[in-house]
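Coordinates as given in upload_12.cif (mmCIF, N, CA and C atoms):
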data_start
#
loop_
_atom_site.label_atom_id
_atom_site.label_comp_id
_atom_site.auth_asym_id
_atom_site.auth_seq_id
_atom_site.Cartn_x
_atom_site.Cartn_y
_atom_site.Cartn_z
N MET U 17 0.82 -1.19 0.00
CA MET U 17 0.00 0.00 0.00
C MET U 17 0.86 1.26 0.00
N ARG U 18 2.00 1.17 0.66
CA ARG U 18 2.90 2.33 0.75
C ARG U 18 3.44 2.71 -0.64
N ARG U 19 3.57 1.72 -1.49
CA ARG U 19 4.07 1.95 -2.84
C ARG U 19 3.13 2.85 -3.64
N PHE U 20 1.85 2.76 -3.38
CA PHE U 20 0.87 3.55 -4.11
C PHE U 20 0.64 4.93 -3.51
N ALA U 21 1.15 5.18 -2.33
CA ALA U 21 0.93 6.46 -1.66
C ALA U 21 1.56 7.60 -2.45
N GLY U 22 2.74 7.40 -2.99
CA GLY U 22 3.39 8.43 -3.78
C GLY U 22 2.64 8.70 -5.08
N ARG U 23 2.15 7.65 -5.70
CA ARG U 23 1.38 7.82 -6.94
C ARG U 23 0.07 8.54 -6.68
N ARG U 24 -0.53 8.21 -5.56
CA ARG U 24 -1.80 8.86 -5.21
C ARG U 24 -1.58 10.36 -4.98
N ALA U 25 -0.49 10.71 -4.31
CA ALA U 25 -0.19 12.12 -4.05
C ALA U 25 0.05 12.86 -5.36
N VAL U 26 0.76 12.24 -6.28
CA VAL U 26 1.00 12.87 -7.59
C VAL U 26 -0.32 13.03 -8.33
N PHE U 27 -1.14 12.01 -8.33
CA PHE U 27 -2.44 12.08 -9.00
C PHE U 27 -3.30 13.19 -8.42
N LEU U 28 -3.36 13.27 -7.09
CA LEU U 28 -4.16 14.31 -6.45
C LEU U 28 -3.63 15.70 -6.77
N ARG U 29 -2.32 15.84 -6.84
CA ARG U 29 -1.73 17.14 -7.18
C ARG U 29 -2.08 17.54 -8.61
N VAL U 30 -1.99 16.58 -9.54
CA VAL U 30 -2.35 16.86 -10.94
C VAL U 30 -3.82 17.25 -11.04
N MET U 31 -4.68 16.53 -10.33
CA MET U 31 -6.10 16.86 -10.36
C MET U 31 -6.37 18.24 -9.76
N ALA U 32 -5.67 18.57 -8.69
CA ALA U 32 -5.86 19.88 -8.06
C ALA U 32 -5.42 21.00 -9.00
N VAL U 33 -4.28 20.84 -9.64
CA VAL U 33 -3.80 21.87 -10.58
C VAL U 33 -4.76 21.98 -11.76
N TRP U 34 -5.27 20.87 -12.25
CA TRP U 34 -6.21 20.87 -13.37
C TRP U 34 -7.48 21.64 -13.00
N LEU U 35 -8.03 21.36 -11.82
CA LEU U 35 -9.25 22.05 -11.38
C LEU U 35 -9.00 23.53 -11.09
N ILE U 36 -7.85 23.84 -10.50
CA ILE U 36 -7.52 25.24 -10.25
C ILE U 36 -7.37 26.00 -11.57
N THR U 37 -6.72 25.38 -12.54
CA THR U 37 -6.55 26.02 -13.85
C THR U 37 -7.90 26.25 -14.52
N ALA U 38 -8.76 25.25 -14.49
CA ALA U 38 -10.08 25.39 -15.11
C ALA U 38 -10.91 26.47 -14.41
N THR U 39 -10.88 26.48 -13.09
CA THR U 39 -11.62 27.49 -12.34
C THR U 39 -11.09 28.89 -12.61
N THR U 40 -9.77 29.00 -12.69
CA THR U 40 -9.16 30.30 -13.00
C THR U 40 -9.54 30.76 -14.40
N LEU U 41 -9.59 29.85 -15.35
CA LEU U 41 -10.02 30.21 -16.70
C LEU U 41 -11.45 30.74 -16.69
N VAL U 42 -12.33 30.09 -15.94
CA VAL U 42 -13.72 30.55 -15.85
C VAL U 42 -13.78 31.94 -15.23
N LEU U 43 -13.03 32.15 -14.15
CA LEU U 43 -13.01 33.46 -13.50
C LEU U 43 -12.44 34.54 -14.41
N LEU U 44 -11.36 34.23 -15.12
CA LEU U 44 -10.79 35.21 -16.05
C LEU U 44 -11.76 35.50 -17.19
N GLY U 45 -12.50 34.49 -17.61
CA GLY U 45 -13.52 34.70 -18.64
C GLY U 45 -14.63 35.62 -18.16
N ALA U 46 -14.95 35.54 -16.87
CA ALA U 46 -15.98 36.42 -16.32
C ALA U 46 -15.46 37.84 -16.10
N LEU U 47 -14.18 37.97 -15.80
CA LEU U 47 -13.61 39.29 -15.49
C LEU U 47 -13.12 40.07 -16.72
N LEU U 48 -12.63 39.37 -17.71
CA LEU U 48 -12.03 40.04 -18.87
C LEU U 48 -12.96 39.99 -20.07
N LEU U 49 -13.10 41.10 -20.74
CA LEU U 49 -13.94 41.14 -21.93
C LEU U 49 -13.30 40.42 -23.11
N SER U 50 -11.98 40.32 -23.11
CA SER U 50 -11.27 39.74 -24.23
C SER U 50 -11.07 38.23 -24.11
N VAL U 51 -11.60 37.64 -23.03
CA VAL U 51 -11.51 36.20 -22.82
C VAL U 51 -12.91 35.66 -22.60
N GLU U 52 -13.25 34.60 -23.34
CA GLU U 52 -14.57 34.00 -23.19
C GLU U 52 -14.40 32.50 -22.96
N VAL U 53 -15.03 32.03 -21.90
CA VAL U 53 -15.06 30.59 -21.61
C VAL U 53 -16.53 30.21 -21.63
N ARG U 54 -16.90 29.30 -22.52
CA ARG U 54 -18.32 29.02 -22.75
C ARG U 54 -18.96 28.17 -21.65
N SER U 55 -18.18 27.30 -20.98
CA SER U 55 -18.72 26.48 -19.90
C SER U 55 -17.57 25.95 -19.05
N PHE U 56 -17.93 25.37 -17.91
CA PHE U 56 -16.88 24.80 -17.06
C PHE U 56 -16.26 23.58 -17.74
N GLY U 57 -17.06 22.84 -18.48
CA GLY U 57 -16.52 21.70 -19.23
C GLY U 57 -15.51 22.14 -20.27
N ALA U 58 -15.81 23.25 -20.94
CA ALA U 58 -14.86 23.81 -21.91
C ALA U 58 -13.58 24.26 -21.21
N ALA U 59 -13.72 24.80 -20.00
CA ALA U 59 -12.54 25.20 -19.23
C ALA U 59 -11.72 23.99 -18.83
N LEU U 60 -12.38 22.88 -18.47
CA LEU U 60 -11.65 21.65 -18.15
C LEU U 60 -10.86 21.14 -19.35
N ILE U 61 -11.49 21.17 -20.52
CA ILE U 61 -10.80 20.73 -21.74
C ILE U 61 -9.63 21.65 -22.05
N ALA U 62 -9.85 22.96 -21.96
CA ALA U 62 -8.77 23.91 -22.23
C ALA U 62 -7.64 23.74 -21.21
N ALA U 63 -7.97 23.51 -19.95
CA ALA U 63 -6.94 23.31 -18.93
C ALA U 63 -6.13 22.04 -19.21
N ALA U 64 -6.81 20.99 -19.66
CA ALA U 64 -6.10 19.75 -20.01
C ALA U 64 -5.19 19.98 -21.22
N LEU U 65 -5.67 20.74 -22.21
CA LEU U 65 -4.83 21.05 -23.38
C LEU U 65 -3.62 21.90 -22.99
N ILE U 66 -3.82 22.85 -22.11
CA ILE U 66 -2.70 23.68 -21.64
C ILE U 66 -1.67 22.79 -20.93
N GLY U 67 -2.14 21.89 -20.09
CA GLY U 67 -1.24 20.98 -19.40
C GLY U 67 -0.49 20.07 -20.34
N LEU U 68 -1.19 19.51 -21.32
CA LEU U 68 -0.52 18.65 -22.31
C LEU U 68 0.48 19.42 -23.14
N PHE U 69 0.10 20.60 -23.57
CA PHE U 69 1.00 21.41 -24.38
C PHE U 69 2.25 21.77 -23.58
N ASN U 70 2.07 22.15 -22.31
CA ASN U 70 3.21 22.49 -21.47
C ASN U 70 4.09 21.28 -21.18
N ALA U 71 3.51 20.10 -21.11
CA ALA U 71 4.30 18.90 -20.83
C ALA U 71 5.03 18.38 -22.06
N LEU U 72 4.40 18.49 -23.23
CA LEU U 72 4.96 17.86 -24.42
C LEU U 72 5.71 18.81 -25.35
N VAL U 73 5.19 20.00 -25.57
CA VAL U 73 5.76 20.91 -26.56
C VAL U 73 6.65 21.97 -25.92
N TRP U 74 6.31 22.40 -24.71
CA TRP U 74 7.02 23.50 -24.06
C TRP U 74 8.53 23.25 -23.92
N PRO U 75 8.98 22.06 -23.52
CA PRO U 75 10.44 21.87 -23.39
C PRO U 75 11.20 22.12 -24.69
N LEU U 76 10.65 21.70 -25.81
CA LEU U 76 11.30 21.96 -27.10
C LEU U 76 11.21 23.44 -27.47
N LEU U 77 10.05 24.02 -27.26
CA LEU U 77 9.85 25.42 -27.61
C LEU U 77 10.77 26.35 -26.82
N ILE U 78 10.94 26.09 -25.55
CA ILE U 78 11.76 26.98 -24.72
C ILE U 78 13.24 26.85 -25.10
N ARG U 79 13.66 25.67 -25.54
CA ARG U 79 15.05 25.51 -25.98
C ARG U 79 15.31 26.25 -27.29
N LEU U 80 14.34 26.22 -28.17
CA LEU U 80 14.49 26.94 -29.44
C LEU U 80 14.44 28.45 -29.24
N ALA U 81 13.68 28.89 -28.25
CA ALA U 81 13.50 30.32 -28.02
C ALA U 81 14.42 30.88 -26.95
N LEU U 82 15.39 30.11 -26.52
CA LEU U 82 16.28 30.57 -25.46
C LEU U 82 16.99 31.88 -25.78
N PRO U 83 17.53 32.07 -26.99
CA PRO U 83 18.16 33.36 -27.28
C PRO U 83 17.19 34.54 -27.17
N PHE U 84 15.97 34.34 -27.63
CA PHE U 84 14.94 35.38 -27.53
C PHE U 84 14.63 35.69 -26.07
N THR U 85 14.58 34.66 -25.25
CA THR U 85 14.31 34.83 -23.82
C THR U 85 15.43 35.60 -23.14
N VAL U 86 16.67 35.28 -23.49
CA VAL U 86 17.81 35.96 -22.87
C VAL U 86 17.84 37.43 -23.28
N VAL U 87 17.62 37.70 -24.56
CA VAL U 87 17.67 39.08 -25.06
C VAL U 87 16.57 39.93 -24.43
N THR U 88 15.42 39.34 -24.18
CA THR U 88 14.30 40.11 -23.60
C THR U 88 14.27 40.03 -22.08
N PHE U 89 15.32 39.51 -21.47
CA PHE U 89 15.42 39.41 -20.00
C PHE U 89 14.25 38.65 -19.39
N GLY U 90 13.80 37.60 -20.05
CA GLY U 90 12.75 36.75 -19.52
C GLY U 90 11.34 37.12 -19.92
N VAL U 91 11.15 38.31 -20.47
CA VAL U 91 9.81 38.71 -20.89
C VAL U 91 9.35 37.85 -22.06
N GLY U 92 10.29 37.33 -22.82
CA GLY U 92 9.96 36.45 -23.93
C GLY U 92 9.20 35.21 -23.49
N VAL U 93 9.46 34.74 -22.28
CA VAL U 93 8.73 33.58 -21.78
C VAL U 93 7.25 33.90 -21.62
N LEU U 94 6.94 35.09 -21.15
CA LEU U 94 5.53 35.50 -21.04
C LEU U 94 4.87 35.54 -22.42
N VAL U 95 5.60 36.07 -23.39
CA VAL U 95 5.06 36.15 -24.75
C VAL U 95 4.83 34.74 -25.31
N LEU U 96 5.80 33.83 -25.09
CA LEU U 96 5.63 32.45 -25.55
C LEU U 96 4.46 31.77 -24.86
N ASN U 97 4.31 31.99 -23.57
CA ASN U 97 3.17 31.42 -22.85
C ASN U 97 1.85 32.00 -23.36
N GLY U 98 1.84 33.28 -23.66
CA GLY U 98 0.64 33.88 -24.25
C GLY U 98 0.32 33.25 -25.60
N ALA U 99 1.35 32.95 -26.37
CA ALA U 99 1.15 32.27 -27.66
C ALA U 99 0.61 30.86 -27.45
N VAL U 100 1.06 30.20 -26.40
CA VAL U 100 0.54 28.86 -26.08
C VAL U 100 -0.96 28.95 -25.78
N ILE U 101 -1.36 29.96 -25.04
CA ILE U 101 -2.79 30.14 -24.73
C ILE U 101 -3.57 30.39 -26.03
N LEU U 102 -3.01 31.17 -26.95
CA LEU U 102 -3.68 31.41 -28.23
C LEU U 102 -3.82 30.12 -29.03
N VAL U 103 -2.80 29.28 -29.02
CA VAL U 103 -2.87 28.00 -29.73
C VAL U 103 -3.94 27.11 -29.11
N VAL U 104 -3.98 27.05 -27.79
CA VAL U 104 -5.00 26.25 -27.10
C VAL U 104 -6.39 26.80 -27.41
N ALA U 105 -6.53 28.12 -27.45
CA ALA U 105 -7.83 28.73 -27.78
C ALA U 105 -8.23 28.40 -29.22
N ALA U 106 -7.25 28.30 -30.11
CA ALA U 106 -7.56 27.94 -31.50
C ALA U 106 -7.99 26.48 -31.61
N ILE U 107 -7.43 25.62 -30.77
CA ILE U 107 -7.78 24.20 -30.80
C ILE U 107 -9.10 23.95 -30.09
N SER U 108 -9.29 24.57 -28.94
CA SER U 108 -10.46 24.36 -28.10
C SER U 108 -11.61 25.24 -28.58
N ARG U 109 -12.77 24.66 -28.69
CA ARG U 109 -13.94 25.42 -29.15
C ARG U 109 -14.56 26.27 -28.05
N GLY U 110 -14.29 25.92 -26.80
CA GLY U 110 -14.95 26.60 -25.70
C GLY U 110 -14.17 27.75 -25.10
N LEU U 111 -12.95 28.00 -25.60
CA LEU U 111 -12.13 29.09 -25.09
C LEU U 111 -11.83 30.04 -26.24
N VAL U 112 -12.14 31.32 -26.02
CA VAL U 112 -11.87 32.35 -27.02
C VAL U 112 -11.02 33.42 -26.36
N VAL U 113 -9.85 33.67 -26.95
CA VAL U 113 -8.94 34.70 -26.46
C VAL U 113 -8.69 35.63 -27.64
N SER U 114 -8.91 36.94 -27.43
CA SER U 114 -8.92 37.86 -28.55
C SER U 114 -7.55 38.27 -29.06
N GLY U 115 -6.51 38.13 -28.28
CA GLY U 115 -5.20 38.55 -28.77
C GLY U 115 -4.07 38.11 -27.86
N LEU U 116 -2.86 38.42 -28.27
CA LEU U 116 -1.68 38.01 -27.53
C LEU U 116 -1.63 38.63 -26.14
N LEU U 117 -1.98 39.90 -26.03
CA LEU U 117 -1.97 40.55 -24.72
C LEU U 117 -2.96 39.86 -23.77
N SER U 118 -4.11 39.49 -24.27
CA SER U 118 -5.09 38.76 -23.45
C SER U 118 -4.53 37.40 -23.05
N GLY U 119 -3.83 36.75 -23.96
CA GLY U 119 -3.20 35.47 -23.63
C GLY U 119 -2.16 35.62 -22.54
N ILE U 120 -1.39 36.71 -22.60
CA ILE U 120 -0.38 36.96 -21.56
C ILE U 120 -1.06 37.21 -20.22
N ILE U 121 -2.18 37.94 -20.22
CA ILE U 121 -2.91 38.19 -18.98
C ILE U 121 -3.45 36.88 -18.41
N VAL U 122 -3.93 36.00 -19.27
CA VAL U 122 -4.41 34.68 -18.82
C VAL U 122 -3.26 33.90 -18.19
N VAL U 123 -2.09 33.94 -18.82
CA VAL U 123 -0.92 33.24 -18.29
C VAL U 123 -0.57 33.75 -16.90
N VAL U 124 -0.56 35.05 -16.73
CA VAL U 124 -0.22 35.63 -15.42
C VAL U 124 -1.26 35.22 -14.39
N GLY U 125 -2.53 35.23 -14.76
CA GLY U 125 -3.58 34.81 -13.84
C GLY U 125 -3.47 33.35 -13.46
N LEU U 126 -3.20 32.49 -14.44
CA LEU U 126 -3.04 31.06 -14.16
C LEU U 126 -1.84 30.80 -13.27
N ALA U 127 -0.74 31.46 -13.59
CA ALA U 127 0.48 31.27 -12.78
C ALA U 127 0.24 31.71 -11.35
N HIS U 128 -0.43 32.83 -11.17
CA HIS U 128 -0.71 33.32 -9.82
C HIS U 128 -1.57 32.33 -9.05
N ALA U 129 -2.59 31.79 -9.69
CA ALA U 129 -3.49 30.87 -9.01
C ALA U 129 -2.77 29.59 -8.60
N VAL U 130 -1.99 29.03 -9.51
CA VAL U 130 -1.32 27.76 -9.20
C VAL U 130 -0.21 27.95 -8.17
N VAL U 131 0.57 29.02 -8.31
CA VAL U 131 1.67 29.26 -7.37
C VAL U 131 1.13 29.58 -5.98
N SER U 132 0.08 30.39 -5.90
CA SER U 132 -0.44 30.71 -4.58
C SER U 132 -1.02 29.46 -3.91
N ARG U 133 -1.59 28.56 -4.68
CA ARG U 133 -2.11 27.30 -4.12
C ARG U 133 -0.93 26.45 -3.62
N ALA U 134 0.15 26.39 -4.39
CA ALA U 134 1.32 25.59 -3.99
C ALA U 134 1.96 26.16 -2.73
N ILE U 135 2.04 27.47 -2.64
CA ILE U 135 2.62 28.08 -1.45
C ILE U 135 1.75 27.83 -0.23
N ARG U 136 0.44 27.92 -0.42
CA ARG U 136 -0.48 27.72 0.69
C ARG U 136 -0.40 26.26 1.19
N ASP U 137 -0.19 25.31 0.26
CA ASP U 137 -0.09 23.90 0.64
C ASP U 137 1.29 23.52 1.15
N GLY U 138 2.26 24.42 1.00
CA GLY U 138 3.60 24.14 1.47
C GLY U 138 4.37 23.22 0.54
N ALA U 139 3.99 23.20 -0.73
CA ALA U 139 4.69 22.32 -1.69
C ALA U 139 5.91 23.01 -2.11
#
As structure tokens, what does this structure read like?
Amino acid sequence: MRRFAGRRAVFLRVMAVWLITATTLVLLGALLLSVEVRSFGAALIAAALIGLFNALVWPLLIRLALPFTVVTFGVGVLVLNGAVILVVAAISRGLVVSGLLSGIIVVVGLAHAVVSRAIRDGA
């Protein structure tokens, strides 16, 4: 049973981040005119796509964009993350983001929500 305790903790953490991301997307959709989330189910799908994109494509993308990131003193990472949100919005039917600046605002909101949850939990 002890062997599964670590897996269970990882699973619960992934589920918590997924739900926090989806909830934050819904809240940002309610607060920002340039972001529209059609339903909580659409937010769950968009949050899953963001997670998959960050897990599978982000490592390659950040290595290719490293010179851009260095030249912009890290601001390039925000722009790349905003572009990721735009790609997810293009793939997902339930998330509409009107532009790159709105995508960057969504990224900042998502990062704040997840980091504040991690700090509160002591992770």
Legend entry - One-decimal distance in Å that lies between atom CA of U:Val104 and atom CA of U:Phe69: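 It comes out at 8.2 Å.
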Inset, instruction - Can you work out which one of U:Val26, U:Leu102, U:Ala63, U:Ala129 has the shortest atom-to-atom distance to U:Ala38, counting all atoms listed in the file? - result: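 For U:Ala38, the nearest of the given residues is U:Ala63.
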Inset, instruction - For U:Leu94, list every protein, DNA or RNA residue within 8 Å, evaluated using only N, CA and C atoms, and leave out those in the same chain fewer than 2 positions away; present the list as a list in words. - result: Thr85, Gly90, Val91, Gly92, Leu96, Asn97, Gly98, Ala99, Val100, Gly119, Ile120, Ile121, Val123 and Val124 of chain U
Inset, instruction - From a DSSP calculation on the backbone, collect every residue of chain U in strand (DSSP E or B) and output the set as a PyMOL selection string. - result: chain U and resi 51-53+111-113
Inset, instruction - Provide the atom CA of U:Arg109 to atom CA of U:Met31 distance in Å, to one decimal place. - result: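 If I compute the distance from atom CA of U:Arg109 to atom CA of U:Met31, I get 22.1 Å.
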Inset, instruction - For atom C of U:Ser118 and atom N of U:Thr37, quote the distance in Å rounded to one decimal. - result: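 Rounded to one decimal, the two atoms are 16.1 Å apart.
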Legend entry - Nearest-residue call for U:Val112, choices U:Leu82, U:Val53, U:Leu41, U:Leu35, using only C-alpha atoms: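 Among U:Leu82, U:Val53, U:Leu41, U:Leu35, it is U:Val53 that comes nearest to U:Val112.
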Inset, instruction - Give the helix (DSSP H, G or I) residues of stretch 52-128 of chain U, as assigned by DSSP on the backbone, as number ranges by chain. - result: U: 56-72, 74-80, 82-87, 91-107, 116-128
Inset, instruction - Counting only C-alpha atoms, figure out which residue out of U:Arg54, U:Arg133, U:Arg79, U:Arg24 gets nearest to U:Ile36. - result: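 Under the stated criterion, the closest residue is U:Arg133.
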Inset, instruction - Pull out every residue that the PyMOL selection byres ((chain U and resi 60) around 8) matches in the shown coordinates and put them as a ChimeraX atom specification. - result: /U:34-35,37-39,41-42,55-59,61-66
